$ cat data_10.pdb   # PDB, C-alpha atoms
ATOM      1  CA  MET A   1      80.497  99.794 -79.897
ATOM      2  CA  GLU A   2      77.691 102.059 -79.005
ATOM      3  CA  LYS A   3      75.700 103.654 -81.664
ATOM      4  CA  LYS A   4      75.734 107.477 -81.691
ATOM      5  CA  ARG A   5      72.325 108.926 -81.267
ATOM      6  CA  ASN A   6      71.348 112.046 -83.171
ATOM      7  CA  ILE A   7      69.634 114.555 -80.920
ATOM      8  CA  LYS A   8      67.097 116.826 -82.474
ATOM      9  CA  ILE A   9      66.441 120.325 -81.191
ATOM     10  CA  GLU A  10      62.685 119.681 -81.181
ATOM     11  CA  GLU A  11      63.151 116.920 -78.618
ATOM     12  CA  LEU A  12      65.190 119.192 -76.325
ATOM     13  CA  GLU A  13      62.692 122.043 -76.435
ATOM     14  CA  ALA A  14      59.957 119.870 -74.950
ATOM     15  CA  ARG A  15      61.833 119.188 -71.715
ATOM     16  CA  ARG A  16      63.463 121.920 -69.620
ATOM     17  CA  PRO A  17      65.175 120.559 -66.509
ATOM     18  CA  PHE A  18      65.755 123.942 -64.829
ATOM     19  CA  SER A  19      63.295 126.608 -63.849
ATOM     20  CA  VAL A  20      63.543 130.097 -62.356
ATOM     21  CA  PRO A  21      61.688 130.780 -59.106
ATOM     22  CA  GLU A  22      58.744 133.152 -59.256
ATOM     23  CA  GLY A  23      59.712 136.825 -58.749
ATOM     24  CA  TYR A  24      63.462 136.081 -58.805
ATOM     25  CA  PHE A  25      64.433 138.894 -61.189
ATOM     26  CA  GLU A  26      62.076 141.444 -59.621
ATOM     27  CA  ASN A  27      64.050 141.739 -56.363
ATOM     28  CA  LEU A  28      67.474 140.695 -57.665
ATOM     29  CA  THR A  29      68.991 144.211 -57.696
ATOM     30  CA  GLN A  30      67.910 145.014 -54.148
ATOM     31  CA  GLU A  31      69.243 141.697 -52.836
ATOM     32  CA  ILE A  32      72.638 142.160 -54.506
ATOM     33  CA  MET A  33      72.969 145.728 -53.203
ATOM     34  CA  ALA A  34      72.042 144.566 -49.690
ATOM     35  CA  ALA A  35      74.717 141.848 -49.828
ATOM     36  CA  LEU A  36      77.519 144.250 -50.832
ATOM     37  CA  PRO A  37      79.627 145.794 -48.041
ATOM     38  CA  GLU A  38      79.352 149.543 -47.453
ATOM     39  CA  GLN A  39      82.218 151.505 -49.014
ATOM     40  CA  GLU A  40      82.993 155.145 -49.365
ATOM     41  CA  SER A  41      82.693 156.307 -52.926
ATOM     42  CA  ILE A  42      85.927 157.306 -54.656
ATOM     43  CA  TYR A  43      84.107 160.241 -56.207
ATOM     44  CA  SER A  44      83.183 161.786 -52.892
ATOM     45  CA  THR A  45      86.787 162.685 -52.024
ATOM     46  CA  LYS A  46      87.692 166.226 -52.950
ATOM     47  CA  ILE A  47      90.906 166.796 -54.890
ATOM     48  CA  THR A  48      92.888 169.822 -53.826
ATOM     49  CA  VAL A  49      94.371 171.719 -56.746
ATOM     50  CA  THR A  50      97.895 172.897 -56.041
ATOM     51  CA  PRO A  51      99.579 175.824 -57.811
ATOM     52  CA  TRP A  52     101.905 173.360 -59.539
ATOM     53  CA  MET A  53      98.897 171.542 -61.009
ATOM     54  CA  ARG A  54      97.644 174.842 -62.442
ATOM     55  CA  ILE A  55     101.011 175.943 -63.850
ATOM     56  CA  ARG A  56     102.030 172.565 -65.285
ATOM     57  CA  PRO A  57      99.999 172.703 -68.584
ATOM     58  CA  TYR A  58     101.314 176.187 -69.362
ATOM     59  CA  LEU A  59     104.863 175.108 -68.604
ATOM     60  CA  TYR A  60     104.531 172.102 -70.905
ATOM     61  CA  ALA A  61     103.122 174.296 -73.698
ATOM     62  CA  ALA A  62     105.980 176.788 -73.270
ATOM     63  CA  ALA A  63     108.533 173.965 -73.442
ATOM     64  CA  ALA A  64     106.916 172.633 -76.617
ATOM     65  CA  PHE A  65     106.962 176.066 -78.279
ATOM     66  CA  ALA A  66     110.587 176.603 -77.218
ATOM     67  CA  GLY A  67     111.537 173.234 -78.719
ATOM     68  CA  ILE A  68     109.799 174.067 -81.986
ATOM     69  CA  PHE A  69     111.451 177.504 -82.036
ATOM     70  CA  PHE A  70     114.951 176.056 -81.549
ATOM     71  CA  CYS A  71     114.352 173.390 -84.213
ATOM     72  CA  ILE A  72     113.277 176.047 -86.714
ATOM     73  CA  LYS A  73     116.186 178.273 -85.675
ATOM     74  CA  ALA A  74     118.615 175.400 -86.227
ATOM     75  CA  ALA A  75     117.124 174.641 -89.660
ATOM     76  CA  VAL A  76     117.336 178.305 -90.695
ATOM     77  CA  GLY A  77     120.882 178.535 -89.315
ATOM     78  CA  ILE A  78     122.002 175.561 -91.387
ATOM     79  CA  SER A  79     120.483 177.011 -94.554
ATOM     80  CA  SER A  80     122.016 180.434 -93.830
ATOM     81  CA  ARG A  81     125.438 178.779 -93.501
ATOM     82  CA  ASN A  82     124.919 177.201 -96.906
ATOM     83  CA  ASN A  83     123.872 180.579 -98.297
ATOM     84  CA  ALA A  84     126.938 182.184 -96.733
ATOM     85  CA  ALA A  85     129.155 179.560 -98.379
ATOM     86  CA  GLN A  86     127.513 180.215-101.740
ATOM     87  CA  VAL A  87     127.937 183.975-101.324
ATOM     88  CA  ALA A  88     131.593 183.502-100.403
ATOM     89  CA  GLN A  89     132.079 181.317-103.452
ATOM     90  CA  THR A  90     130.488 183.888-105.779
ATOM     91  CA  GLU A  91     132.518 186.666-104.186
ATOM     92  CA  GLU A  92     135.624 184.606-104.785
ATOM     93  CA  THR A  93     134.856 184.436-108.507
ATOM     94  CA  THR A  94     134.288 188.201-108.779
ATOM     95  CA  ILE A  95     137.589 189.209-107.169
ATOM     96  CA  TYR A  96     139.544 189.259-110.444
ATOM     97  CA  SER A  97     139.871 192.522-112.314
ATOM     98  CA  ASP A  98     139.325 193.014-116.028
ATOM     99  CA  GLU A  99     143.048 193.482-116.673
ATOM    100  CA  TYR A 100     143.804 190.110-115.099
ATOM    101  CA  ILE A 101     141.127 188.391-117.201
ATOM    102  CA  ASP A 102     142.370 190.031-120.394
ATOM    103  CA  SER A 103     145.941 188.928-119.754
ATOM    104  CA  PHE A 104     144.744 185.410-118.940
ATOM    105  CA  LEU A 105     142.730 185.145-122.167
ATOM    106  CA  GLU A 106     145.659 186.348-124.261
ATOM    107  CA  THR A 107     147.971 183.641-122.891
ATOM    108  CA  ALA A 108     145.364 180.844-122.643
ATOM    109  CA  MET A 109     145.112 180.413-126.417
ATOM    110  CA  ILE A 110     141.303 180.289-126.438
ATOM    111  CA  ASP A 111     139.645 181.406-129.621
ATOM    112  CA  ASP A 112     136.469 183.494-129.693
ATOM    113  CA  CYS A 113     134.184 180.604-130.690
ATOM    114  CA  THR A 114     135.215 178.470-127.698
ATOM    115  CA  MET A 115     134.815 181.418-125.332
ATOM    116  CA  TYR A 116     131.304 182.218-126.620
ATOM    117  CA  TYR A 117     130.316 178.554-126.432
ATOM    118  CA  THR A 118     131.512 178.385-122.798
ATOM    119  CA  LEU A 119     129.591 181.538-121.885
ATOM    120  CA  VAL A 120     126.380 180.218-123.483
ATOM    121  CA  ASP A 121     126.695 176.856-121.644
ATOM    122  CA  ALA A 122     127.260 178.650-118.319
ATOM    123  CA  ASN A 123     123.813 180.266-118.481
TER     124      ASN A 123
END

$ encode --input "data_10.pdb" --output "structure tokens"
Amino acid sequence: MEKKRNIKIEELEARRPFSVPEGYFENLTQEIMAALPEQESIYSTKITVTPWMRIRPYLYAAAAFAGIFFCIKAAVGISSRNNAAQVAQTEETTIYSDEYIDSFLETAMIDDCTMYYTLVDAN
């Protein structure tokens, strides 16, 4: 078996097998540009702005505001339906007259203490 040889960086620094020709980097940019084919720049073409291109951002903004408006309207409509149901329920409890309540309490066999306790718990 061959013995592995440890290479030290100091030994490698002394010998450099490759070299750069004199003045290579001074004219490099000009040589590369001369070797490239001529092309028309993409920035030199003029873009024509159509009326649709001008109206499009405003149309998108209007659609976004309309969407937000309808979402809010739907949320308020749902809560107003719940409020209407609660109002209908409270109106349903206030339909009875005092005479009806008095006759109910006389036949229900509820004493005064139980009635007061119920009224205090309701609030």

$ atom_distance --input "data_10.pdb" --atom1 "CA of Ile110 (chain A)" --atom2 "CA of Asp98 (chain A)"
16.6 Å

$ atom_distance --input "data_10.pdb" --atom1 "CA of Leu105 (chain A)" --atom2 "CA of Leu119 (chain A)"
13.6 Å

$ atom_distance --input "data_10.pdb" --atom1 "CA of Met115 (chain A)" --atom2 "CA of Ser103 (chain A)"
14.5 Å

$ axis_aligned_box --input "data_10.pdb" --around "region 20-35 of chain A" --padding-each-side "3 Å" --output "lines of an AutoDock Vina configuration file"
center_x = 66.7
center_y = 137.9
center_z = -56.0
size_x = 22.0
size_y = 21.6
size_z = 18.7
